[in-house]
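Report on the following structure.
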Amino acid sequence: MKRYRTRRPVGALLALTAAGGLLLTGCGGGDDDASSGAKDTAADSRGGGYAPAPDGPPGGTSTAEAGETGGTGDSREVAPDPDHLSTFALDVDTASYGYARRTLSEGRLPDPSTVRPEEFVNSFRQDYERPDGDGFTVSVDGARTDREDWSLVRVGLATRTAEQRGERPPAALTFVIDVSGSMGEPGRLDLAQDSLATMTDQLRDDDSVALVTFSDEAETVLPMTRLGDHRGRVHDAIDSLEPTESTNLGAGVETGYDTAVEGRRAGATNRVVLVSDALANTGDTDADTILERIADERREHGITLFGVGVGSDYGDALMERLADRGDGHTTYVSDAEDAREVFCEQLPRHIELTARDAKAQVAFDPETVAEFRLVGYDNRQVADEDFRDDRVDGGEVGPGHTVTALYAVRTRPGADGHLATATVRWLDPDSRTPHEESGDVETDALGDSVWEADRGLRVTATAAYFADALRSSSSSSSSYDGDTRHGSLPGAPGLGELAERADSLAVRTEDEDVRRLAEAIGTANRLT
């Protein structure tokens, strides 16, 4: 299999595409007011040509601002076909996959509405090439499915490793802990306490921690405290937590942000970490209303939210909405092993940012691509013309991350040559200067079967097919000719075959995460 990656300065990229007269613009979907809903069918998806349009709306970044030599004409004059662009905000959430595994372990199939395929796909490590500094590398590859003319195309984005740039800035972390009655269930508050205690011992002396609890009311148990010689004080506060009454999540988030602002440290990375089952039943229970109450703190101080979900009954939709609209991320913890990974590995990666408001735009070549579908990212889609409008929210990404987007692509008969160009745009976390990187893929990269592709693409395909099967389990209609399930991916095997392929992959890779995936697929197969 061939993999293509192209790194270009923004100005050079725009000059090349403008000179060729190949710029395409269009409209995509999204969850903000400026965007419309996601499309279910490939024919209705928004997709693109060779490169994103360079000009943005007023207030965004113009061609001249993006690079020194971009074209200055109206791109619509050379963009006759807007339907081959796909634009979305980056997402490194993994909560949906973790919660699905927890639900399956209890002998139940997850509610299809809680299954977000991109979070399944992004739960697995990838071996994409890393950049030397902040920002991203872009890798694009793919392989054929068992369905004629259909392929899976993978767009992989990677940030630098955390070790490549010396010591990170100090962290100021405000933990907002749910101590409502429902958190008394084993594997909720007790798990959070153990994990916080472990993480407290691993944070640096110059890091700071605050602790806010909430049930029917919210309380600051520990103001922002520099660890140094005060770890014992932090441990005492963690040990004192006990479940009490109802869940006023809105009060907890508001008090948490107030505490974070009061203890905000210049030059430090300031975060609010919400640990909850998100079963809000008192006070404000709507994510938008809750976030509006702390809007000034978010906008003025750039304090973002990291949501950690716990519990067999879990308010997935509320937590995801809070994190998406709070410029943050979500993950889910089901056992002690998950907790160690989240608090000792994932959270440190979220402390530092390497990119703000990161968005990706994939331009498919209409000469070789008949139709396509982005797998997942339903709540993260962005209007195509907003790709370079830096007022439009993207995703915040830290070091050590990979982001994967998978597309089902139907190529035209006899297609040969350029297939797609993927571009990622982000703002420097300090200067807010925009940057871009691009990668290309040709049709001859699709020669192998997806089941004979490299390890990363096989794992990606397996996770995506699994999520697709869980989403499709309650539906009988289809958006693909000849397939009997709504929205099912081309070439999707039955769960039995998928379980066998996942088992084989787990044995060949000797990867514990893949083994867990195989077990979850096997459980789902037995339950259907």
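Letters A, B, ... go to the chains of the structure tokens in the order shown; residues in each chain start at 1; ligands are counted from 1 in the same order.
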- Report as JSON, numbers by chain: the residues of segment 119-316 of chain A with a DSSP assignment of helix (DSSP H, G or I), based on the backbone of this structure. {"A": [119, 120, 121, 162, 163, 164, 165, 181, 182, 183, 184, 189, 190, 191, 192, 193, 194, 195, 196, 197, 198, 199, 200, 201, 202, 231, 232, 233, 234, 235, 236, 237, 238, 239, 249, 250, 251, 252, 253, 254, 255, 256, 257, 258, 259, 260, 261, 262, 287, 288, 289, 290, 291, 292, 293, 295, 296, 297, 298, 299, 300, 301, 316]}
Which residues of segment 119-189 of chain A come within 6 Å of segment 454-467 of chain A, and for each one, what is the closest pair of atoms and their distance in Å to one decimal, counting only C-alpha atoms, sorted by chain and residue number, as JSON lines?
{"residue": "A:Phe120", "atom": "CA", "partner": "A:Ala463", "partner_atom": "CA", "distance": 5.8}
{"residue": "A:Val121", "atom": "CA", "partner": "A:Thr460", "partner_atom": "CA", "distance": 5.5}
{"residue": "A:Gln126", "atom": "CA", "partner": "A:Gly456", "partner_atom": "CA", "distance": 5.8}
Counting only C-alpha atoms, which residues in segment 200-238 of chain A sit no more than 12 Å from segment 337-359 of chain A? For each one, give the nearest pair of atoms and the distance in Å, sorted by chain then residue number, as JSON lines.
{"residue": "A:Thr200", "atom": "CA", "partner": "A:Cys344", "partner_atom": "CA", "distance": 9.4}
{"residue": "A:Asp201", "atom": "CA", "partner": "A:Cys344", "partner_atom": "CA", "distance": 9.9}
{"residue": "A:Gln202", "atom": "CA", "partner": "A:Cys344", "partner_atom": "CA", "distance": 7.5}
{"residue": "A:Leu203", "atom": "CA", "partner": "A:Pro348", "partner_atom": "CA", "distance": 8.6}
{"residue": "A:Arg204", "atom": "CA", "partner": "A:Pro348", "partner_atom": "CA", "distance": 10.8}
{"residue": "A:Asp207", "atom": "CA", "partner": "A:Ile351", "partner_atom": "CA", "distance": 10.5}
{"residue": "A:Ser208", "atom": "CA", "partner": "A:Ile351", "partner_atom": "CA", "distance": 11.8}
Output for the residues just chosen: N, CA and C atoms as a PDB file, in the first residue's frame:
ATOM      1  N   THR A 200      -2.423  12.911  41.520  1.00  0.00           N
ATOM      2  CA  THR A 200      -1.837  13.941  42.369  1.00  0.00           C
ATOM      3  C   THR A 200      -0.369  13.636  42.661  1.00  0.00           C
ATOM      4  N   ASP A 201      -0.061  12.366  42.853  1.00  0.00           N
ATOM      5  CA  ASP A 201       1.326  11.987  43.117  1.00  0.00           C
ATOM      6  C   ASP A 201       2.214  12.124  41.884  1.00  0.00           C
ATOM      7  N   GLN A 202       1.600  12.114  40.684  1.00  0.00           N
ATOM      8  CA  GLN A 202       2.392  12.155  39.458  1.00  0.00           C
ATOM      9  C   GLN A 202       2.538  13.567  38.884  1.00  0.00           C
ATOM     10  N   LEU A 203       1.703  14.495  39.305  1.00  0.00           N
ATOM     11  CA  LEU A 203       1.829  15.868  38.837  1.00  0.00           C
ATOM     12  C   LEU A 203       3.102  16.501  39.394  1.00  0.00           C
ATOM     13  N   ARG A 204       3.542  17.573  38.751  1.00  0.00           N
ATOM     14  CA  ARG A 204       4.784  18.222  39.150  1.00  0.00           C
ATOM     15  C   ARG A 204       4.553  19.157  40.336  1.00  0.00           C
ATOM     16  N   ASP A 207       2.715  22.355  39.539  1.00  0.00           N
ATOM     17  CA  ASP A 207       1.315  22.275  39.126  1.00  0.00           C
ATOM     18  C   ASP A 207       0.407  22.649  40.298  1.00  0.00           C
ATOM     19  N   SER A 208      -0.813  23.059  39.971  1.00  0.00           N
ATOM     20  CA  SER A 208      -1.792  23.446  40.990  1.00  0.00           C
ATOM     21  C   SER A 208      -3.082  22.678  40.786  1.00  0.00           C
TER      22      SER A 208
END
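Interatomic distance, atom CA of Val403 of chain A against atom CA of Gly307 of chain A: 18.2 Å.
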### Message
Could you list, as a list in words, every residue within 8 Å of segment 517-519 of chain A, counting only C-alpha atoms and ignoring same-chain residues fewer than 3 positions away?
### Response
Ala463, Ala499, Ala502, Asp503, Ala506, Asp513, Val514, Gly522 and Thr523 of chain A
Using the selection just defined, write its residues with C-alpha atoms as an mmCIF file, in the first residue's frame.
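Result file result-v3.cif:
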data_model
loop_
_atom_site.group_PDB
_atom_site.id
_atom_site.type_symbol
_atom_site.label_atom_id
_atom_site.label_comp_id
_atom_site.auth_asym_id
_atom_site.auth_seq_id
_atom_site.Cartn_x
_atom_site.Cartn_y
_atom_site.Cartn_z
ATOM 1 C CA ALA A 463 -13.596 -0.317 14.820
ATOM 2 C CA ALA A 499 -15.473 -10.996 15.452
ATOM 3 C CA ALA A 502 -10.852 -8.989 15.130
ATOM 4 C CA ASP A 503 -9.682 -12.103 17.020
ATOM 5 C CA ALA A 506 -5.568 -9.265 18.132
ATOM 6 C CA ASP A 513 -6.485 -2.653 23.056
ATOM 7 C CA VAL A 514 -7.257 -4.728 19.969
ATOM 8 C CA GLY A 522 -17.751 -11.111 20.197
ATOM 9 C CA THR A 523 -20.094 -10.057 23.003
#
_I need the residue nearest Glu497 of chain A from this list: A:Ser472, A:Pro112, A:Asn525, A:Ser180. Use only C-alpha atoms for the distance._
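Closest to Glu497 of chain A of all the choices is A:Asn525.
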Residue with smallest distance to Gly394 of chain A - pool A:Glu510, A:Asp324, A:Asp206, A:Asp428, counting only C-alpha atoms:
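When distances to Gly394 of chain A are compared using only C-alpha atoms, the smallest one comes from A:Asp324.
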Quick one: residues within 8 Å of Val409 of chain A, only C-alpha atoms, excluding same-chain residues fewer than 6 positions away - as a PDB file with N, CA, C and O atoms, in the first residue's frame?
ATOM      1  N   TRP A 150     -16.034   0.323  -4.115  1.00  0.00           N
ATOM      2  CA  TRP A 150     -16.037   1.026  -2.829  1.00  0.00           C
ATOM      3  C   TRP A 150     -14.730   0.783  -2.089  1.00  0.00           C
ATOM      4  O   TRP A 150     -14.226  -0.336  -2.014  1.00  0.00           O
ATOM      5  N   SER A 151     -14.193   1.835  -1.524  1.00  0.00           N
ATOM      6  CA  SER A 151     -12.966   1.765  -0.735  1.00  0.00           C
ATOM      7  C   SER A 151     -13.160   2.510   0.577  1.00  0.00           C
ATOM      8  O   SER A 151     -14.099   3.308   0.732  1.00  0.00           O
ATOM      9  N   LEU A 152     -12.274   2.246   1.519  1.00  0.00           N
ATOM     10  CA  LEU A 152     -12.170   3.042   2.742  1.00  0.00           C
ATOM     11  C   LEU A 152     -10.911   3.895   2.631  1.00  0.00           C
ATOM     12  O   LEU A 152      -9.822   3.364   2.398  1.00  0.00           O
ATOM     13  N   VAL A 153     -11.059   5.192   2.786  1.00  0.00           N
ATOM     14  CA  VAL A 153      -9.933   6.119   2.729  1.00  0.00           C
ATOM     15  C   VAL A 153      -9.736   6.705   4.123  1.00  0.00           C
ATOM     16  O   VAL A 153     -10.685   7.230   4.728  1.00  0.00           O
ATOM     17  N   VAL A 369     -13.770  10.310  -8.175  1.00  0.00           N
ATOM     18  CA  VAL A 369     -14.666   9.952  -7.076  1.00  0.00           C
ATOM     19  C   VAL A 369     -16.112  10.223  -7.468  1.00  0.00           C
ATOM     20  O   VAL A 369     -16.465  11.349  -7.833  1.00  0.00           O
ATOM     21  N   ALA A 370     -16.941   9.181  -7.406  1.00  0.00           N
ATOM     22  CA  ALA A 370     -18.353   9.327  -7.726  1.00  0.00           C
ATOM     23  C   ALA A 370     -19.159   9.779  -6.508  1.00  0.00           C
ATOM     24  O   ALA A 370     -20.064  10.600  -6.623  1.00  0.00           O
ATOM     25  N   GLU A 371     -18.859   9.240  -5.330  1.00  0.00           N
ATOM     26  CA  GLU A 371     -19.537   9.633  -4.104  1.00  0.00           C
ATOM     27  C   GLU A 371     -18.708   9.190  -2.917  1.00  0.00           C
ATOM     28  O   GLU A 371     -17.802   8.358  -3.034  1.00  0.00           O
ATOM     29  N   PHE A 372     -19.032   9.774  -1.754  1.00  0.00           N
ATOM     30  CA  PHE A 372     -18.289   9.436  -0.550  1.00  0.00           C
ATOM     31  C   PHE A 372     -19.152   9.704   0.668  1.00  0.00           C
ATOM     32  O   PHE A 372     -20.186  10.369   0.599  1.00  0.00           O
ATOM     33  N   ARG A 373     -18.698   9.185   1.787  1.00  0.00           N
ATOM     34  CA  ARG A 373     -19.382   9.408   3.058  1.00  0.00           C
ATOM     35  C   ARG A 373     -18.361   9.456   4.175  1.00  0.00           C
ATOM     36  O   ARG A 373     -17.532   8.553   4.305  1.00  0.00           O
TER      37      ARG A 373
END
